[in-house]
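Below is the file upload_21.txt, which contains compact mmCIF, C-alpha atoms.
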```
# COMPACT_ATOMS: atom_id res chain seq x y z
CA MET A 1 182.26 141.90 114.86
CA ASP A 2 182.75 144.81 112.47
CA PHE A 3 181.49 143.71 109.04
CA ARG A 4 183.58 146.17 107.10
CA TYR A 5 186.72 145.75 105.07
CA SER A 6 189.72 147.81 106.08
CA THR A 7 190.98 150.58 103.83
CA GLU A 8 193.79 148.32 102.65
CA GLN A 9 191.35 145.53 101.84
CA LEU A 10 189.09 147.88 99.91
CA ASP A 11 192.07 149.16 97.92
CA PHE A 12 193.10 145.57 97.25
CA ARG A 13 189.58 144.73 96.01
CA ASP A 14 189.51 147.76 93.72
CA SER A 15 192.92 146.98 92.25
CA MET A 16 191.97 143.32 91.74
CA ARG A 17 188.77 144.35 89.98
CA ALA A 18 190.57 146.82 87.75
CA PHE A 19 193.21 144.23 86.85
CA LEU A 20 190.62 141.62 85.86
CA GLN A 21 188.54 144.11 83.88
CA GLU A 22 191.58 144.99 81.81
CA ALA A 23 193.24 141.56 81.56
CA THR A 24 190.20 139.28 81.30
CA PRO A 25 187.20 140.91 79.59
CA LEU A 26 184.35 138.53 78.82
CA SER A 27 185.27 138.49 75.13
CA TRP A 28 188.66 137.06 76.15
CA VAL A 29 186.96 134.66 78.58
CA ARG A 30 184.90 133.25 75.72
CA GLU A 31 187.99 132.81 73.57
CA VAL A 32 189.97 130.95 76.24
CA ALA A 33 186.99 128.91 77.40
CA GLY A 34 186.38 127.73 73.87
CA ALA A 35 189.95 126.51 73.54
CA HIS A 36 191.99 125.04 76.39
CA GLY A 37 189.99 126.53 79.25
CA HIS A 38 193.16 127.88 80.84
CA ASP A 39 195.62 130.67 80.05
CA GLU A 40 199.09 129.72 81.29
CA ARG A 41 200.56 133.19 80.82
CA LEU A 42 197.86 134.79 82.96
CA TRP A 43 198.19 132.03 85.55
CA GLN A 44 201.91 132.71 85.91
CA ARG A 45 201.18 136.41 86.44
CA LEU A 46 198.61 135.60 89.11
CA CYS A 47 201.09 133.36 90.92
CA ARG A 48 204.37 135.23 90.53
CA GLU A 49 203.36 138.88 90.31
CA LEU A 50 200.16 138.99 92.37
CA GLU A 51 200.95 135.93 94.56
CA LEU A 52 197.26 135.04 94.79
CA PRO A 53 197.62 131.34 95.73
CA GLY A 54 199.87 132.33 98.63
CA LEU A 55 197.63 134.98 100.17
CA PRO A 56 196.53 132.92 103.22
CA VAL A 57 199.78 130.95 103.50
CA PRO A 58 202.32 131.85 106.21
CA THR A 59 205.55 133.44 105.05
CA GLU A 60 207.69 130.52 106.26
CA TYR A 61 206.21 128.42 103.45
CA GLY A 62 206.64 131.10 100.80
CA GLY A 63 203.24 132.70 101.23
CA VAL A 64 202.07 136.25 101.82
CA GLY A 65 200.87 135.70 105.36
CA GLY A 66 197.38 137.13 104.87
CA SER A 67 194.03 135.72 105.94
CA LEU A 68 191.01 134.06 104.39
CA VAL A 69 189.43 137.51 104.08
CA GLU A 70 191.86 138.51 101.34
CA SER A 71 191.29 135.19 99.59
CA ALA A 72 187.53 135.75 99.75
CA ILE A 73 187.97 139.18 98.16
CA VAL A 74 189.95 137.59 95.32
CA PHE A 75 187.33 134.87 94.79
CA GLU A 76 184.56 137.46 94.73
CA GLU A 77 186.28 139.37 91.95
CA PHE A 78 187.08 136.21 89.99
CA GLY A 79 183.43 135.20 90.29
CA ARG A 80 182.46 138.58 88.90
CA ALA A 81 184.88 138.23 85.97
CA LEU A 82 184.44 134.46 85.33
CA THR A 83 188.19 134.26 84.70
CA PRO A 84 189.00 130.76 83.34
CA VAL A 85 192.02 129.86 85.46
CA PRO A 86 192.34 126.97 87.97
CA LEU A 87 192.33 129.26 91.00
CA ALA A 88 189.49 127.50 92.86
CA SER A 89 190.69 123.92 92.62
CA HIS A 90 194.31 124.97 93.13
CA ALA A 91 193.44 127.02 96.22
CA PHE A 92 191.51 124.12 97.74
CA ALA A 93 194.52 121.84 97.23
CA VAL A 94 196.84 124.43 98.80
CA HIS A 95 194.57 124.70 101.83
CA ALA A 96 194.52 120.90 102.08
CA VAL A 97 198.31 120.74 102.25
CA LEU A 98 198.42 123.68 104.64
CA SER A 99 195.72 122.38 106.99
CA ALA A 100 196.25 118.62 106.77
CA GLY A 101 199.87 118.15 105.74
CA SER A 102 202.81 117.56 108.03
CA GLU A 103 205.48 120.19 108.49
CA GLU A 104 207.75 118.32 106.08
CA GLN A 105 204.98 118.11 103.47
CA ARG A 106 204.23 121.83 103.74
CA GLN A 107 207.89 122.75 103.31
CA ARG A 108 208.25 120.43 100.32
CA LEU A 109 204.95 120.91 98.45
CA LEU A 110 203.82 124.48 99.03
CA PRO A 111 206.64 126.51 97.40
CA GLY A 112 206.07 124.94 93.98
CA LEU A 113 202.31 125.38 94.24
CA LEU A 114 202.51 129.02 95.31
CA GLY A 115 205.08 130.04 92.71
CA GLY A 116 203.20 128.66 89.72
CA ALA A 117 205.61 125.84 88.98
CA ARG A 118 202.85 123.27 89.47
CA ILE A 119 199.06 123.38 89.23
CA ALA A 120 197.14 121.32 91.76
CA ALA A 121 193.53 120.16 91.68
CA PHE A 122 191.26 119.05 94.50
CA GLY A 123 189.23 115.87 94.04
CA ALA A 124 186.62 115.62 96.77
CA THR A 125 183.33 113.77 96.52
CA ARG A 126 181.00 112.33 93.93
CA PRO A 127 178.58 114.74 92.20
CA GLY A 128 175.90 116.10 94.49
CA ALA A 129 177.53 114.88 97.71
CA ALA A 130 178.42 117.15 100.62
CA ASP A 131 180.09 114.62 102.92
CA PRO A 132 183.77 113.61 102.42
CA ALA A 133 182.69 110.09 103.42
CA SER A 134 180.91 109.85 100.06
CA ALA A 135 184.26 109.75 98.26
CA THR A 136 184.35 107.28 95.37
CA VAL A 137 188.08 106.54 95.68
CA SER A 138 189.47 103.92 98.06
CA ALA A 139 192.91 103.86 99.69
CA ALA A 140 194.75 100.71 100.74
CA ARG A 141 198.19 99.55 101.75
CA ASP A 142 200.05 97.43 99.21
CA ASP A 143 203.57 96.23 99.84
CA GLY A 144 204.32 99.14 102.17
CA ARG A 145 202.84 101.76 99.85
CA THR A 146 199.51 103.57 99.78
CA VAL A 147 197.61 103.01 96.54
CA LEU A 148 194.39 104.59 95.32
CA ASN A 149 191.64 102.99 93.24
CA GLY A 150 188.47 104.51 91.90
CA VAL A 151 187.12 107.38 89.84
CA CYS A 152 186.93 110.99 90.98
CA ALA A 153 184.77 113.44 89.04
CA PRO A 154 184.17 116.23 88.39
CA VAL A 155 187.60 117.67 89.18
CA LEU A 156 187.80 121.39 88.39
CA HIS A 157 190.56 122.10 85.85
CA GLY A 158 191.82 118.57 86.33
CA HIS A 159 193.10 118.40 82.76
CA VAL A 160 195.84 120.98 83.47
CA ALA A 161 196.85 119.75 86.94
CA ALA A 162 200.24 118.24 87.68
CA MET A 163 199.18 117.14 91.16
CA PHE A 164 195.93 116.05 92.77
CA VAL A 165 194.74 116.09 96.36
CA ILE A 166 192.20 113.27 96.51
CA ALA A 167 189.73 112.42 99.27
CA ALA A 168 189.65 108.64 99.65
CA LEU A 169 188.18 106.03 101.97
CA ALA A 170 190.53 103.79 103.92
CA GLU A 171 189.93 101.28 106.72
CA GLU A 172 190.51 103.97 109.32
CA GLY A 173 188.17 106.44 107.63
CA VAL A 174 188.37 109.31 105.14
CA GLY A 175 191.80 110.72 104.33
CA LEU A 176 193.45 113.14 101.93
CA TYR A 177 196.11 111.86 99.57
CA VAL A 178 198.55 113.54 97.20
CA VAL A 179 199.15 111.89 93.84
CA ASN A 180 201.00 113.22 90.82
CA ALA A 181 199.28 113.31 87.44
CA ASP A 182 202.17 111.41 85.81
CA THR A 183 202.07 108.58 88.34
CA PRO A 184 201.48 105.16 86.71
CA GLY A 185 197.83 104.21 87.07
CA VAL A 186 196.54 107.80 86.87
CA SER A 187 194.52 108.82 83.83
CA VAL A 188 192.81 112.17 83.30
CA GLU A 189 190.00 112.79 80.83
CA ARG A 190 188.51 116.20 80.15
CA LEU A 191 184.71 116.06 80.27
CA PRO A 192 182.04 118.20 78.59
CA ALA A 193 181.14 121.00 81.00
CA PHE A 194 177.88 122.89 81.35
CA ASP A 195 179.94 125.84 82.63
CA ILE A 196 182.21 126.50 79.67
CA THR A 197 184.34 128.94 81.71
CA ARG A 198 185.38 126.23 84.19
CA PRO A 199 186.37 122.91 82.59
CA VAL A 200 186.16 119.67 84.55
CA ALA A 201 187.86 116.31 84.25
CA ARG A 202 187.50 112.71 85.34
CA VAL A 203 190.48 111.28 87.24
CA THR A 204 190.72 107.50 87.18
CA LEU A 205 193.11 105.77 89.57
CA ARG A 206 194.21 102.15 89.27
CA ASN A 207 196.67 101.13 91.95
CA ALA A 208 198.17 104.62 91.79
CA VAL A 209 200.82 105.22 94.44
CA ALA A 210 199.87 108.19 96.62
CA GLU A 211 201.21 110.07 99.61
CA PRO A 212 198.81 110.41 102.55
CA LEU A 213 198.48 113.78 104.23
CA ASP A 214 198.76 113.67 108.01
CA ALA A 215 195.12 114.67 108.45
CA ALA A 216 192.80 114.32 111.43
CA PRO A 217 189.02 114.30 110.79
CA ASP A 218 188.60 117.88 112.01
CA GLN A 219 191.39 119.03 109.67
CA ILE A 220 189.66 117.39 106.71
CA GLU A 221 186.39 119.10 107.61
CA ARG A 222 188.25 122.41 107.84
CA VAL A 223 189.55 121.97 104.29
CA PHE A 224 186.01 121.41 103.02
CA ASP A 225 184.65 124.33 105.05
CA ILE A 226 187.25 126.72 103.65
CA ALA A 227 186.36 125.56 100.15
CA ARG A 228 182.69 126.27 100.90
CA VAL A 229 183.47 129.81 102.08
CA LEU A 230 185.59 130.60 99.04
CA LEU A 231 182.96 129.23 96.66
CA ALA A 232 180.36 131.37 98.44
CA ALA A 233 182.55 134.45 97.87
CA GLU A 234 182.87 133.53 94.20
CA MET A 235 179.10 133.15 93.86
CA LEU A 236 178.62 136.52 95.55
CA GLY A 237 180.73 138.13 92.84
CA GLY A 238 178.72 136.38 90.13
CA ALA A 239 175.45 137.58 91.65
CA GLU A 240 176.77 141.15 91.79
CA ALA A 241 177.65 140.95 88.10
CA CYS A 242 174.12 139.76 87.27
CA LEU A 243 172.66 142.77 89.09
CA GLU A 244 175.04 145.17 87.37
CA LEU A 245 174.16 143.76 83.94
CA SER A 246 170.44 144.05 84.76
CA VAL A 247 170.67 147.65 85.95
CA GLU A 248 172.72 148.66 82.92
CA TYR A 249 170.31 146.98 80.52
CA SER A 250 167.18 148.32 82.22
CA CYS A 251 168.55 151.86 81.93
CA SER A 252 169.39 151.55 78.23
CA ARG A 253 166.58 149.34 76.88
CA ARG A 254 163.51 151.41 75.99
CA GLN A 255 159.89 150.44 75.48
CA PHE A 256 156.98 152.83 74.96
CA ASP A 257 159.52 155.70 74.89
CA ARG A 258 160.69 154.87 78.42
CA ALA A 259 163.62 152.94 79.84
CA ILE A 260 162.31 149.61 81.11
CA GLY A 261 163.95 150.40 84.45
CA MET A 262 161.12 152.87 85.00
CA PHE A 263 158.60 150.03 85.15
CA GLN A 264 157.72 148.91 88.64
CA ALA A 265 158.08 145.20 87.91
CA VAL A 266 161.68 145.65 86.73
CA LYS A 267 162.46 147.88 89.71
CA HIS A 268 161.19 145.19 92.08
CA MET A 269 163.25 142.46 90.43
CA CYS A 270 166.44 144.51 90.72
CA ALA A 271 165.61 145.48 94.31
CA GLU A 272 165.08 141.84 95.28
CA MET A 273 168.46 140.94 93.79
CA ALA A 274 170.13 143.75 95.73
CA ILE A 275 168.56 142.64 99.02
CA GLU A 276 169.71 139.04 98.59
CA ILE A 277 173.19 140.17 97.58
CA ASP A 278 173.53 142.39 100.66
CA ALA A 279 172.52 139.51 102.93
CA THR A 280 174.97 137.17 101.22
CA ARG A 281 177.78 139.72 101.41
CA VAL A 282 177.42 139.96 105.19
CA ALA A 283 177.37 136.16 105.49
CA VAL A 284 180.50 135.79 103.34
CA MET A 285 182.38 138.43 105.31
CA PHE A 286 181.38 136.84 108.62
CA ALA A 287 182.46 133.38 107.44
CA ALA A 288 185.81 134.63 106.14
CA MET A 289 186.49 136.65 109.29
CA SER A 290 185.58 133.64 111.46
CA ALA A 291 187.99 131.24 109.77
CA ASP A 292 190.43 131.19 112.69
CA ASP A 293 187.70 129.98 115.05
CA PRO A 294 186.96 126.29 114.28
CA GLY A 295 183.60 126.40 116.03
CA GLU A 296 182.40 129.49 114.17
CA LEU A 297 183.71 128.23 110.82
CA ALA A 298 181.90 124.90 111.21
CA ILE A 299 178.60 126.78 111.52
CA ALA A 300 179.24 129.58 109.05
CA ALA A 301 180.62 127.49 106.16
CA PRO A 302 177.56 125.37 105.29
CA LEU A 303 175.27 128.32 106.01
CA VAL A 304 177.05 130.69 103.66
CA LYS A 305 177.44 128.09 100.91
CA ALA A 306 173.68 127.49 100.91
CA GLN A 307 172.88 131.22 101.10
CA ALA A 308 175.26 132.17 98.28
CA ALA A 309 174.12 129.33 96.03
CA ASP A 310 170.49 130.36 96.35
CA THR A 311 171.34 134.03 95.83
CA PHE A 312 173.44 133.45 92.72
CA THR A 313 170.86 131.12 91.18
CA GLN A 314 168.07 133.60 91.91
CA CYS A 315 170.01 136.57 90.54
CA ALA A 316 171.02 134.73 87.37
CA GLY A 317 167.41 133.70 86.76
CA THR A 318 166.00 137.14 87.55
CA ALA A 319 168.60 138.85 85.35
CA THR A 320 167.53 136.57 82.51
CA GLN A 321 163.97 137.76 82.96
CA VAL A 322 165.04 141.41 83.00
CA HIS A 323 166.92 140.94 79.73
CA GLY A 324 164.11 139.05 78.05
CA GLY A 325 164.75 136.98 74.93
CA ILE A 326 168.23 138.37 74.30
CA ALA A 327 169.54 136.67 77.46
CA PHE A 328 169.03 133.24 75.91
CA THR A 329 171.24 133.93 72.91
CA TRP A 330 174.76 132.56 72.67
CA GLU A 331 176.14 136.02 71.90
CA HIS A 332 174.97 137.51 75.21
CA ASP A 333 177.15 137.08 78.29
CA LEU A 334 174.42 136.44 80.82
CA HIS A 335 174.12 132.73 80.10
CA LEU A 336 177.75 132.36 81.24
CA TYR A 337 176.71 133.47 84.72
CA LEU A 338 173.65 131.22 84.70
CA ARG A 339 175.87 128.26 83.84
CA ARG A 340 178.31 129.14 86.60
CA ALA A 341 175.47 129.56 89.11
CA LYS A 342 173.99 126.14 88.39
CA THR A 343 177.28 124.25 88.50
CA THR A 344 178.80 125.97 91.53
CA ALA A 345 175.60 125.55 93.53
CA ALA A 346 176.03 121.78 93.19
CA LEU A 347 179.69 121.64 94.26
CA PHE A 348 180.18 119.82 97.59
CA GLY A 349 176.42 119.28 97.74
CA SER A 350 173.20 121.22 97.21
CA SER A 351 171.80 123.98 99.38
CA THR A 352 169.42 121.48 100.98
CA GLN A 353 172.34 119.21 101.87
CA HIS A 354 174.29 122.11 103.35
CA ARG A 355 171.35 123.17 105.49
CA ALA A 356 171.04 119.57 106.69
CA LEU A 357 174.77 119.62 107.50
CA LEU A 358 174.29 122.86 109.41
CA ALA A 359 171.41 121.33 111.38
CA ASP A 360 173.57 118.33 112.27
CA ARG A 361 176.41 120.52 113.46
CA VAL A 362 174.22 122.61 115.74
CA GLY A 363 172.50 119.52 117.11
CA LEU A 364 169.05 119.89 115.59
```
Take the structure in the file and write it out as structure tokens.
Amino acid sequence: MDFRYSTEQLDFRDSMRAFLQEATPLSWVREVAGAHGHDERLWQRLCRELELPGLPVPTEYGGVGGSLVESAIVFEEFGRALTPVPLASHAFAVHAVLSAGSEEQRQRLLPGLLGGARIAAFGATRPGAADPASATVSAARDDGRTVLNGVCAPVLHGHVAAMFVIAALAEEGVGLYVVNADTPGVSVERLPAFDITRPVARVTLRNAVAEPLDAAPDQIERVFDIARVLLAAEMLGGAEACLELSVEYSCSRRQFDRAIGMFQAVKHMCAEMAIEIDATRVAVMFAAMSADDPGELAIAAPLVKAQAADTFTQCAGTATQVHGGIAFTWEHDLHLYLRRAKTTAALFGSSTQHRALLADRVGL
């Protein structure tokens, strides 16, 4: 496999990066994150002008007809910019409908989600759990309807969602269910978030009527694996930003009449970050390019999630050391990346849990 982006993909990455640098500087990110945690005007531009939620969706459902590679490129750039929009949770919900929904459900649900008319959020497992079977919501039949009961948290950008895709346990096993935010029995509460650039919510369901997606177990696993790959791409972008901030600071900060980047210890820290980032970049590209092969994706997804989580956490910590005391101040931007690294590393389970999942899938 050729681990290189095409010329068109590189141009797309460069244009996406330039757009985010102009439209969402970190000063703006702080302003939005401190308020609602979501900019509706920017979200509409991302959906209608750039068509980002529809990149991997076939054209017959209103999508662009691209692949997971283009989505991974977008997530990498959004991870670099820390843009506070519900792209991650919304994209996971779109993939759930696309992978696990019936033809009628795709035709009915996807156009509104891709065009920006509705925001969706994906409610998966309890905190720190990697297995869909650990879902804290139950599904049951009641008078010919499917109803959900339980609490799902944390749900990324759940406070702005009009629709939820919830993983729930039923008698026949784990399933995915669509429920509207305005359905009786659904309550949404925004929670304090360690990562101020990505708000989370608690979704409580009490006999809430839901629509089951026509999902087989392998389709549900595919939804989770795609989410893992996209989160890995996002963490790759965050790690790259940490290295860039460190290099820039080490070239401008002077001690003993020399830039601190001239000191061997600082050089080694930056070099170690670069090595880990290069390894993670190859893993992310392989996982995204392997998405059409279920066997390859099942192996690559937990591997790359664990690799990217460790890389981002390491780079955020090392960048903090390079910056010294200034990195711990509220005014500096680096702590935003450290917060994102810690929270994203825990989504869908820790690195240890993902390596255990990988071992199970390869039969070890």
Query raised in the report: Which residues, written as a PyMOL selection string, have at least one atom at most 12 Å from region 264-276 of chain A, with all atoms listed in the file counted and residues fewer than 5 positions away on the same chain left out?
Result: chain A and resi 236+238-251+253+259+281-283+307-324
Query - 6 Å contact set for region 200-204 of chain A, all atoms listed in the file, chain neighbours under 2 positions out, as a ChimeraX atom specification - result: /A:151-159,186-191
**Report entry** Closest of A:Ala327, A:Ala100, A:Ala33, A:Leu68 to Val284 (chain A) - atom-to-atom distances counting only C-alpha atoms
**Finding:**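 Going through A:Ala327, A:Ala100, A:Ala33, A:Leu68 one by one, the smallest distance to Val284 (chain A) is for A:Leu68.
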Report task. Would you work out the distance separating CA of Pro84 (chain A) from CA of Leu230 (chain A), expressed in Å to one decimal? Result ->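 For CA of Pro84 (chain A) relative to CA of Leu230 (chain A), the distance reads 16.1 Å.
The space separating CA of Asp360 (chain A) from CA of Val94 (chain A) comes to 27.6 Å.
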